[in-house]
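One file, input.pdb, carrying PDB, C-alpha atoms:
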```pdb
ATOM      1  CA  MET A 236      -3.858  50.209 -80.704  1.00  0.00           C
ATOM      2  CA  CYS A 237      -6.506  48.864 -78.364  1.00  0.00           C
ATOM      3  CA  LYS A 238      -9.659  51.003 -78.290  1.00  0.00           C
ATOM      4  CA  GLY A 239      -9.412  51.295 -74.506  1.00  0.00           C
ATOM      5  CA  LEU A 240      -5.871  52.650 -74.706  1.00  0.00           C
ATOM      6  CA  ALA A 241      -6.804  55.090 -77.458  1.00  0.00           C
ATOM      7  CA  ALA A 242      -9.222  56.788 -75.058  1.00  0.00           C
ATOM      8  CA  LEU A 243      -6.440  57.570 -72.565  1.00  0.00           C
ATOM      9  CA  PRO A 244      -4.652  60.909 -72.755  1.00  0.00           C
ATOM     10  CA  HIS A 245      -1.295  60.804 -74.533  1.00  0.00           C
ATOM     11  CA  SER A 246       0.542  61.774 -71.326  1.00  0.00           C
ATOM     12  CA  CYS A 247      -0.872  58.725 -69.510  1.00  0.00           C
ATOM     13  CA  LEU A 248       0.393  56.416 -72.235  1.00  0.00           C
ATOM     14  CA  GLU A 249       3.848  58.026 -72.095  1.00  0.00           C
ATOM     15  CA  ARG A 250       3.971  57.639 -68.320  1.00  0.00           C
ATOM     16  CA  ALA A 251       2.884  53.987 -68.561  1.00  0.00           C
ATOM     17  CA  LYS A 252       5.725  53.318 -70.993  1.00  0.00           C
ATOM     18  CA  GLU A 253       8.233  54.992 -68.638  1.00  0.00           C
ATOM     19  CA  ILE A 254       6.992  52.903 -65.718  1.00  0.00           C
ATOM     20  CA  LYS A 255       7.276  49.692 -67.761  1.00  0.00           C
ATOM     21  CA  ILE A 256      10.884  50.492 -68.637  1.00  0.00           C
ATOM     22  CA  LYS A 257      11.779  51.395 -65.048  1.00  0.00           C
ATOM     23  CA  LEU A 258      10.156  48.246 -63.685  1.00  0.00           C
ATOM     24  CA  GLY A 259      12.044  46.153 -66.220  1.00  0.00           C
ATOM     25  CA  THR A 260      15.280  47.808 -65.148  1.00  0.00           C
ATOM     26  CA  LEU A 261      14.436  47.310 -61.479  1.00  0.00           C
ATOM     27  CA  LEU A 262      13.836  43.608 -62.043  1.00  0.00           C
ATOM     28  CA  GLN A 263      17.295  43.324 -63.576  1.00  0.00           C
ATOM     29  CA  LYS A 264      19.210  45.584 -61.165  1.00  0.00           C
ATOM     30  CA  PRO A 265      17.760  45.773 -57.641  1.00  0.00           C
ATOM     31  CA  ASP A 266      20.468  48.267 -56.608  1.00  0.00           C
ATOM     32  CA  SER A 267      18.896  50.899 -58.885  1.00  0.00           C
ATOM     33  CA  ALA A 268      15.711  50.997 -56.810  1.00  0.00           C
ATOM     34  CA  ILE A 269      16.770  54.315 -55.289  1.00  0.00           C
ATOM     35  CA  ASP A 270      16.158  56.036 -58.654  1.00  0.00           C
ATOM     36  CA  LEU A 271      12.549  54.861 -58.578  1.00  0.00           C
ATOM     37  CA  VAL A 272      11.994  55.810 -54.949  1.00  0.00           C
ATOM     38  CA  ILE A 273      13.595  59.247 -55.285  1.00  0.00           C
ATOM     39  CA  PRO A 274      13.011  60.221 -58.887  1.00  0.00           C
ATOM     40  CA  HIS A 275      15.194  62.868 -60.424  1.00  0.00           C
ATOM     41  CA  HIS A 276      13.987  65.100 -63.190  1.00  0.00           C
ATOM     42  CA  GLU A 277      15.359  63.801 -66.437  1.00  0.00           C
ATOM     43  CA  LYS A 278      16.176  66.376 -69.028  1.00  0.00           C
ATOM     44  CA  PRO A 279      14.715  65.560 -72.431  1.00  0.00           C
ATOM     45  CA  GLU A 280      17.275  64.365 -74.924  1.00  0.00           C
ATOM     46  CA  LYS A 281      18.413  67.205 -77.153  1.00  0.00           C
ATOM     47  CA  PRO A 282      18.738  66.177 -80.776  1.00  0.00           C
ATOM     48  CA  ALA A 283      22.120  66.647 -82.388  1.00  0.00           C
ATOM     49  CA  LYS A 284      22.451  69.868 -84.310  1.00  0.00           C
ATOM     50  CA  THR A 285      21.340  68.989 -87.776  1.00  0.00           C
ATOM     51  CA  HIS A 286      20.322  70.889 -90.827  1.00  0.00           C
ATOM     52  CA  LYS A 287      16.995  70.361 -92.459  1.00  0.00           C
ATOM     53  CA  PRO A 288      17.453  68.144 -95.511  1.00  0.00           C
ATOM     54  CA  SER A 289      16.817  69.323 -99.005  1.00  0.00           C
ATOM     55  CA  LEU A 290      13.676  68.093-100.720  1.00  0.00           C
ATOM     56  CA  GLU A 291      15.835  65.772-102.810  1.00  0.00           C
ATOM     57  CA  GLU A 292      17.464  64.232 -99.710  1.00  0.00           C
ATOM     58  CA  ALA A 293      14.121  63.720 -97.979  1.00  0.00           C
ATOM     59  CA  LEU A 294      12.633  62.112-101.082  1.00  0.00           C
ATOM     60  CA  GLN A 295      15.508  59.596-101.135  1.00  0.00           C
ATOM     61  CA  TRP A 296      14.317  58.248 -97.790  1.00  0.00           C
ATOM     62  CA  ARG A 297      11.370  56.709 -99.656  1.00  0.00           C
ATOM     63  CA  ASP A 298      13.805  54.460-101.488  1.00  0.00           C
ATOM     64  CA  SER A 299      15.870  53.239 -98.589  1.00  0.00           C
ATOM     65  CA  LEU A 300      15.801  53.025 -94.823  1.00  0.00           C
ATOM     66  CA  ASP A 301      19.605  53.162 -94.930  1.00  0.00           C
ATOM     67  CA  LYS A 302      19.513  56.596 -96.571  1.00  0.00           C
ATOM     68  CA  LEU A 303      17.171  57.788 -93.828  1.00  0.00           C
ATOM     69  CA  LEU A 304      19.396  56.360 -91.075  1.00  0.00           C
ATOM     70  CA  GLN A 305      22.545  57.898 -92.572  1.00  0.00           C
ATOM     71  CA  ASN A 306      21.030  61.378 -92.394  1.00  0.00           C
ATOM     72  CA  ASN A 307      21.169  62.920 -88.887  1.00  0.00           C
ATOM     73  CA  TYR A 308      17.969  64.896 -89.406  1.00  0.00           C
ATOM     74  CA  GLY A 309      16.252  61.853 -90.887  1.00  0.00           C
ATOM     75  CA  ARG A 310      17.322  59.627 -88.017  1.00  0.00           C
ATOM     76  CA  ALA A 311      16.160  62.210 -85.443  1.00  0.00           C
ATOM     77  CA  SER A 312      12.799  62.616 -87.208  1.00  0.00           C
ATOM     78  CA  PHE A 313      12.359  58.853 -87.487  1.00  0.00           C
ATOM     79  CA  ARG A 314      13.223  58.422 -83.784  1.00  0.00           C
ATOM     80  CA  SER A 315      10.721  61.115 -82.815  1.00  0.00           C
ATOM     81  CA  PHE A 316       8.050  59.418 -84.912  1.00  0.00           C
ATOM     82  CA  LEU A 317       8.802  56.016 -83.358  1.00  0.00           C
ATOM     83  CA  LYS A 318       8.654  57.508 -79.863  1.00  0.00           C
ATOM     84  CA  SER A 319       5.207  58.892 -80.651  1.00  0.00           C
ATOM     85  CA  GLU A 320       4.160  55.328 -81.489  1.00  0.00           C
ATOM     86  CA  PHE A 321       5.947  53.799 -78.483  1.00  0.00           C
ATOM     87  CA  SER A 322       8.134  51.674 -80.746  1.00  0.00           C
ATOM     88  CA  GLU A 323      11.540  53.343 -80.565  1.00  0.00           C
ATOM     89  CA  GLU A 324      13.205  50.184 -79.216  1.00  0.00           C
ATOM     90  CA  ASN A 325      13.878  48.912 -82.745  1.00  0.00           C
ATOM     91  CA  LEU A 326      15.842  52.014 -83.726  1.00  0.00           C
ATOM     92  CA  GLU A 327      17.602  52.136 -80.351  1.00  0.00           C
ATOM     93  CA  PHE A 328      18.685  48.507 -80.815  1.00  0.00           C
ATOM     94  CA  TRP A 329      19.915  49.189 -84.357  1.00  0.00           C
ATOM     95  CA  ILE A 330      21.945  52.198 -83.121  1.00  0.00           C
ATOM     96  CA  ALA A 331      23.351  50.191 -80.195  1.00  0.00           C
ATOM     97  CA  CYS A 332      24.495  47.525 -82.674  1.00  0.00           C
ATOM     98  CA  GLU A 333      26.185  50.121 -84.870  1.00  0.00           C
ATOM     99  CA  GLU A 334      28.042  51.524 -81.858  1.00  0.00           C
ATOM    100  CA  PHE A 335      28.905  47.992 -80.706  1.00  0.00           C
ATOM    101  CA  LYS A 336      30.643  47.256 -84.009  1.00  0.00           C
ATOM    102  CA  LYS A 337      33.069  50.146 -83.380  1.00  0.00           C
ATOM    103  CA  ILE A 338      34.387  48.786 -80.049  1.00  0.00           C
ATOM    104  CA  LYS A 339      37.996  47.593 -80.275  1.00  0.00           C
ATOM    105  CA  SER A 340      38.650  46.262 -76.745  1.00  0.00           C
ATOM    106  CA  SER A 341      37.526  42.642 -76.264  1.00  0.00           C
ATOM    107  CA  ALA A 342      36.695  43.293 -72.592  1.00  0.00           C
ATOM    108  CA  LYS A 343      34.518  46.287 -73.480  1.00  0.00           C
ATOM    109  CA  LEU A 344      32.994  44.299 -76.341  1.00  0.00           C
ATOM    110  CA  ALA A 345      31.923  41.513 -73.955  1.00  0.00           C
ATOM    111  CA  GLU A 346      30.528  44.000 -71.433  1.00  0.00           C
ATOM    112  CA  LYS A 347      28.561  45.943 -74.069  1.00  0.00           C
ATOM    113  CA  ALA A 348      27.311  42.701 -75.649  1.00  0.00           C
ATOM    114  CA  ARG A 349      25.793  41.624 -72.341  1.00  0.00           C
ATOM    115  CA  LYS A 350      24.177  45.049 -71.862  1.00  0.00           C
ATOM    116  CA  ILE A 351      22.629  44.995 -75.340  1.00  0.00           C
ATOM    117  CA  TYR A 352      21.380  41.444 -74.846  1.00  0.00           C
ATOM    118  CA  ASP A 353      19.871  42.267 -71.446  1.00  0.00           C
ATOM    119  CA  GLU A 354      18.239  45.469 -72.680  1.00  0.00           C
ATOM    120  CA  PHE A 355      16.884  44.354 -76.065  1.00  0.00           C
ATOM    121  CA  ILE A 356      17.081  40.604 -76.742  1.00  0.00           C
ATOM    122  CA  GLN A 357      16.315  38.520 -73.669  1.00  0.00           C
ATOM    123  CA  THR A 358      12.699  37.603 -72.985  1.00  0.00           C
ATOM    124  CA  GLU A 359      10.966  40.346 -70.968  1.00  0.00           C
ATOM    125  CA  ALA A 360      13.847  42.778 -71.587  1.00  0.00           C
ATOM    126  CA  PRO A 361      12.938  46.405 -70.777  1.00  0.00           C
ATOM    127  CA  LYS A 362      13.129  47.331 -74.477  1.00  0.00           C
ATOM    128  CA  GLU A 363      12.629  43.904 -76.022  1.00  0.00           C
ATOM    129  CA  VAL A 364      12.705  43.908 -79.821  1.00  0.00           C
ATOM    130  CA  ASN A 365      10.403  41.650 -81.760  1.00  0.00           C
ATOM    131  CA  ILE A 366      12.602  38.865 -83.150  1.00  0.00           C
ATOM    132  CA  ASP A 367      11.963  35.150 -83.501  1.00  0.00           C
ATOM    133  CA  HIS A 368      13.355  32.595 -81.054  1.00  0.00           C
ATOM    134  CA  VAL A 369      15.795  31.179 -83.607  1.00  0.00           C
ATOM    135  CA  THR A 370      17.396  34.619 -83.999  1.00  0.00           C
ATOM    136  CA  LYS A 371      17.495  34.995 -80.199  1.00  0.00           C
ATOM    137  CA  ASP A 372      19.222  31.612 -79.910  1.00  0.00           C
ATOM    138  CA  ILE A 373      21.788  32.486 -82.602  1.00  0.00           C
ATOM    139  CA  THR A 374      22.516  35.786 -80.882  1.00  0.00           C
ATOM    140  CA  LEU A 375      22.917  34.146 -77.483  1.00  0.00           C
ATOM    141  CA  ARG A 376      25.314  31.576 -78.990  1.00  0.00           C
ATOM    142  CA  ASN A 377      27.310  34.398 -80.586  1.00  0.00           C
ATOM    143  CA  LEU A 378      27.746  35.995 -77.173  1.00  0.00           C
ATOM    144  CA  GLY A 379      29.796  32.970 -76.052  1.00  0.00           C
ATOM    145  CA  GLU A 380      32.693  34.606 -77.885  1.00  0.00           C
ATOM    146  CA  PRO A 381      31.619  38.199 -78.571  1.00  0.00           C
ATOM    147  CA  SER A 382      32.787  39.781 -81.802  1.00  0.00           C
ATOM    148  CA  PRO A 383      31.703  42.904 -83.700  1.00  0.00           C
ATOM    149  CA  SER A 384      29.336  40.673 -85.709  1.00  0.00           C
ATOM    150  CA  SER A 385      27.620  39.060 -82.684  1.00  0.00           C
ATOM    151  CA  PHE A 386      24.353  40.924 -83.258  1.00  0.00           C
ATOM    152  CA  ASP A 387      24.377  40.948 -87.075  1.00  0.00           C
ATOM    153  CA  VAL A 388      21.541  38.443 -87.535  1.00  0.00           C
ATOM    154  CA  ALA A 389      19.291  40.173 -84.993  1.00  0.00           C
ATOM    155  CA  GLN A 390      20.189  43.614 -86.353  1.00  0.00           C
ATOM    156  CA  LYS A 391      19.275  42.521 -89.893  1.00  0.00           C
ATOM    157  CA  ARG A 392      15.916  41.183 -88.668  1.00  0.00           C
ATOM    158  CA  VAL A 393      15.147  44.440 -86.861  1.00  0.00           C
ATOM    159  CA  HIS A 394      16.289  46.481 -89.869  1.00  0.00           C
ATOM    160  CA  ALA A 395      13.961  44.459 -92.108  1.00  0.00           C
ATOM    161  CA  LEU A 396      11.102  44.986 -89.663  1.00  0.00           C
ATOM    162  CA  MET A 397      11.688  48.754 -89.590  1.00  0.00           C
ATOM    163  CA  GLU A 398      11.938  48.867 -93.390  1.00  0.00           C
ATOM    164  CA  LYS A 399       8.783  46.847 -93.930  1.00  0.00           C
ATOM    165  CA  ASP A 400       6.639  48.205 -91.101  1.00  0.00           C
ATOM    166  CA  CYS A 401       7.917  51.426 -89.483  1.00  0.00           C
ATOM    167  CA  LEU A 402       9.303  53.211 -92.554  1.00  0.00           C
ATOM    168  CA  PRO A 403       6.032  53.119 -94.556  1.00  0.00           C
ATOM    169  CA  ARG A 404       4.149  54.531 -91.554  1.00  0.00           C
ATOM    170  CA  PHE A 405       6.784  57.244 -91.130  1.00  0.00           C
ATOM    171  CA  LEU A 406       6.540  58.166 -94.821  1.00  0.00           C
ATOM    172  CA  ARG A 407       2.767  58.625 -94.401  1.00  0.00           C
ATOM    173  CA  SER A 408       3.204  60.712 -91.223  1.00  0.00           C
ATOM    174  CA  ALA A 409       2.541  64.438 -91.076  1.00  0.00           C
ATOM    175  CA  CYS A 410       6.149  65.013 -90.006  1.00  0.00           C
ATOM    176  CA  TYR A 411       7.554  63.525 -93.198  1.00  0.00           C
ATOM    177  CA  GLN A 412       4.820  64.976 -95.411  1.00  0.00           C
ATOM    178  CA  GLN A 413       5.753  68.497 -94.231  1.00  0.00           C
ATOM    179  CA  LEU A 414       9.368  67.894 -95.278  1.00  0.00           C
ATOM    180  CA  VAL A 415       8.480  66.917 -98.831  1.00  0.00           C
ATOM    181  CA  GLN A 416       5.942  69.638 -99.568  1.00  0.00           C
TER     182      GLN A 416
END
```
If you took the structure in this file and wrote it as structure tokens, what would it be?
Amino acid sequence: MCKGLAALPHSCLERAKEIKIKLGTLLQKPDSAIDLVIPHHEKPEKPAKTHKPSLEEALQWRDSLDKLLQNNYGRASFRSFLKSEFSEENLEFWIACEEFKKIKSSAKLAEKARKIYDEFIQTEAPKEVNIDHVTKDITLRNLGEPSPSSFDVAQKRVHALMEKDCLPRFLRSACYQQLVQ
């Protein structure tokens, strides 16, 4: 993180992130401007009811990001950690792709595909994930005829990024260290 940003209070950084997301949304959908003019109080997302994992379960997360993501408590903890680092877009994209694969209706599939692309893939998207231009191009081509596998290449790239970069930082975090002690 930039030294200048590190000096700002945490609440300022959170607010800046919210504003960035809202501005990105506004640029895409001018009709949603009313939400920015007359803000409504958003209730914080309540995590799904989960049980704390056993020590053995939590230790398995060291071996595999997939094991972490399959565990509701693990996924919620990982999401919370990523939010604290302002990098939750990778996990949100991965989850959106998993939900996308479950859609049966071709009309709904096409609609959801466009939403995912607009939110995470396109350049300057509100929650743009960090993928190379070749992967972006492949994904865009796949959206010509959306199928449950349209985002597979991009999802694999983001998964690899989380496994290589985010997971090791999470495993060193105080949150995870408390679980395994």
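Excluding A:Ser322 and any residue on its chain fewer than 3 positions from it, the residues at most 12 Å away by only C-alpha atoms are Glu249, Lys252, Phe313, Arg314, Ser315, Phe316, Leu317, Lys318, Ser319, Asn325, Leu326, Glu327, Phe328, Lys362, Glu363, Val364, Asn365, Val393, Leu396, Met397, Asp400, Cys401, Leu402, Arg404 and Phe405 of chain A.
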Mind writing the picked residues with C-alpha atoms as a PDB file, keeping the file's coordinate frame?
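The resulting file, again33.pdb, is shown below:
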```pdb
ATOM      1  CA  GLU A 249       3.848  58.026 -72.095  1.00  0.00           C
ATOM      2  CA  LYS A 252       5.725  53.318 -70.993  1.00  0.00           C
ATOM      3  CA  PHE A 313      12.359  58.853 -87.487  1.00  0.00           C
ATOM      4  CA  ARG A 314      13.223  58.422 -83.784  1.00  0.00           C
ATOM      5  CA  SER A 315      10.721  61.115 -82.815  1.00  0.00           C
ATOM      6  CA  PHE A 316       8.050  59.418 -84.912  1.00  0.00           C
ATOM      7  CA  LEU A 317       8.802  56.016 -83.358  1.00  0.00           C
ATOM      8  CA  LYS A 318       8.654  57.508 -79.863  1.00  0.00           C
ATOM      9  CA  SER A 319       5.207  58.892 -80.651  1.00  0.00           C
ATOM     10  CA  ASN A 325      13.878  48.912 -82.745  1.00  0.00           C
ATOM     11  CA  LEU A 326      15.842  52.014 -83.726  1.00  0.00           C
ATOM     12  CA  GLU A 327      17.602  52.136 -80.351  1.00  0.00           C
ATOM     13  CA  PHE A 328      18.685  48.507 -80.815  1.00  0.00           C
ATOM     14  CA  LYS A 362      13.129  47.331 -74.477  1.00  0.00           C
ATOM     15  CA  GLU A 363      12.629  43.904 -76.022  1.00  0.00           C
ATOM     16  CA  VAL A 364      12.705  43.908 -79.821  1.00  0.00           C
ATOM     17  CA  ASN A 365      10.403  41.650 -81.760  1.00  0.00           C
ATOM     18  CA  VAL A 393      15.147  44.440 -86.861  1.00  0.00           C
ATOM     19  CA  LEU A 396      11.102  44.986 -89.663  1.00  0.00           C
ATOM     20  CA  MET A 397      11.688  48.754 -89.590  1.00  0.00           C
ATOM     21  CA  ASP A 400       6.639  48.205 -91.101  1.00  0.00           C
ATOM     22  CA  CYS A 401       7.917  51.426 -89.483  1.00  0.00           C
ATOM     23  CA  LEU A 402       9.303  53.211 -92.554  1.00  0.00           C
ATOM     24  CA  ARG A 404       4.149  54.531 -91.554  1.00  0.00           C
ATOM     25  CA  PHE A 405       6.784  57.244 -91.130  1.00  0.00           C
TER      26      PHE A 405
END
```
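Across the structure, atom CA of A:Leu300 and atom CA of A:Glu398 are spaced 5.9 Å apart.
Listed by chain and then by number, the residues chosen by the PyMOL selection byres ((chain A and resi 407-416) around 7) in this file are Leu290, Ala293, Leu294, Pro403, Arg404, Phe405 and Leu406 of chain A.
When the distance limit is 10 Å and only C-alpha atoms are what count, the residues near stretch 339-341 of chain A, minus those fewer than 2 positions from it on the same chain, are Phe335, Lys336, Lys337, Lys343, Leu344, Ala345, Glu346, Lys347, Glu380, Pro381, Ser382 and Pro383 of chain A.
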Compile the contact shell of A:Arg392 as a ChimeraX atom specification: residues with an atom at most 9 Å away, counting only C-alpha atoms, same-chain residues fewer than 3 positions apart removed. /A:365-367,370,387-389,395-397
Mind dumping the selected residues with C-alpha atoms as a short mmCIF file (atom, residue, chain, number, x, y, z; two decimals), in the coordinates of the input?
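This is the output file selection20.cif:
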```cif
data_model
loop_
_atom_site.label_atom_id
_atom_site.label_comp_id
_atom_site.auth_asym_id
_atom_site.auth_seq_id
_atom_site.Cartn_x
_atom_site.Cartn_y
_atom_site.Cartn_z
CA ASN A 365 10.40 41.65 -81.76
CA ILE A 366 12.60 38.86 -83.15
CA ASP A 367 11.96 35.15 -83.50
CA THR A 370 17.40 34.62 -84.00
CA ASP A 387 24.38 40.95 -87.08
CA VAL A 388 21.54 38.44 -87.54
CA ALA A 389 19.29 40.17 -84.99
CA ALA A 395 13.96 44.46 -92.11
CA LEU A 396 11.10 44.99 -89.66
CA MET A 397 11.69 48.75 -89.59
#
```
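Atom pair atom CA of A:His368 / atom CA of A:Asp298 has a distance of 29.9 Å (rounded to one decimal).
Our summary of the geometry notes that atom CA of A:Phe355 is positioned 15.2 Å from atom CA of A:Val369.
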Selected residue of minimal separation from A:Ala311 among A:His286, A:Arg376, A:Lys399, A:Lys350, counting all atoms listed in the file: A:His286
Under the rule that only C-alpha atoms are counted, which of A:Asn377, A:Lys371, A:Ser289, A:Arg349 is the nearest residue to A:Ala331? A:Arg349
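Between A:Ile351 and the residues A:Phe321, A:Trp296, A:Tyr308, A:Trp329, the shortest atom-to-atom distance, using all atoms listed in the file, involves A:Trp329.
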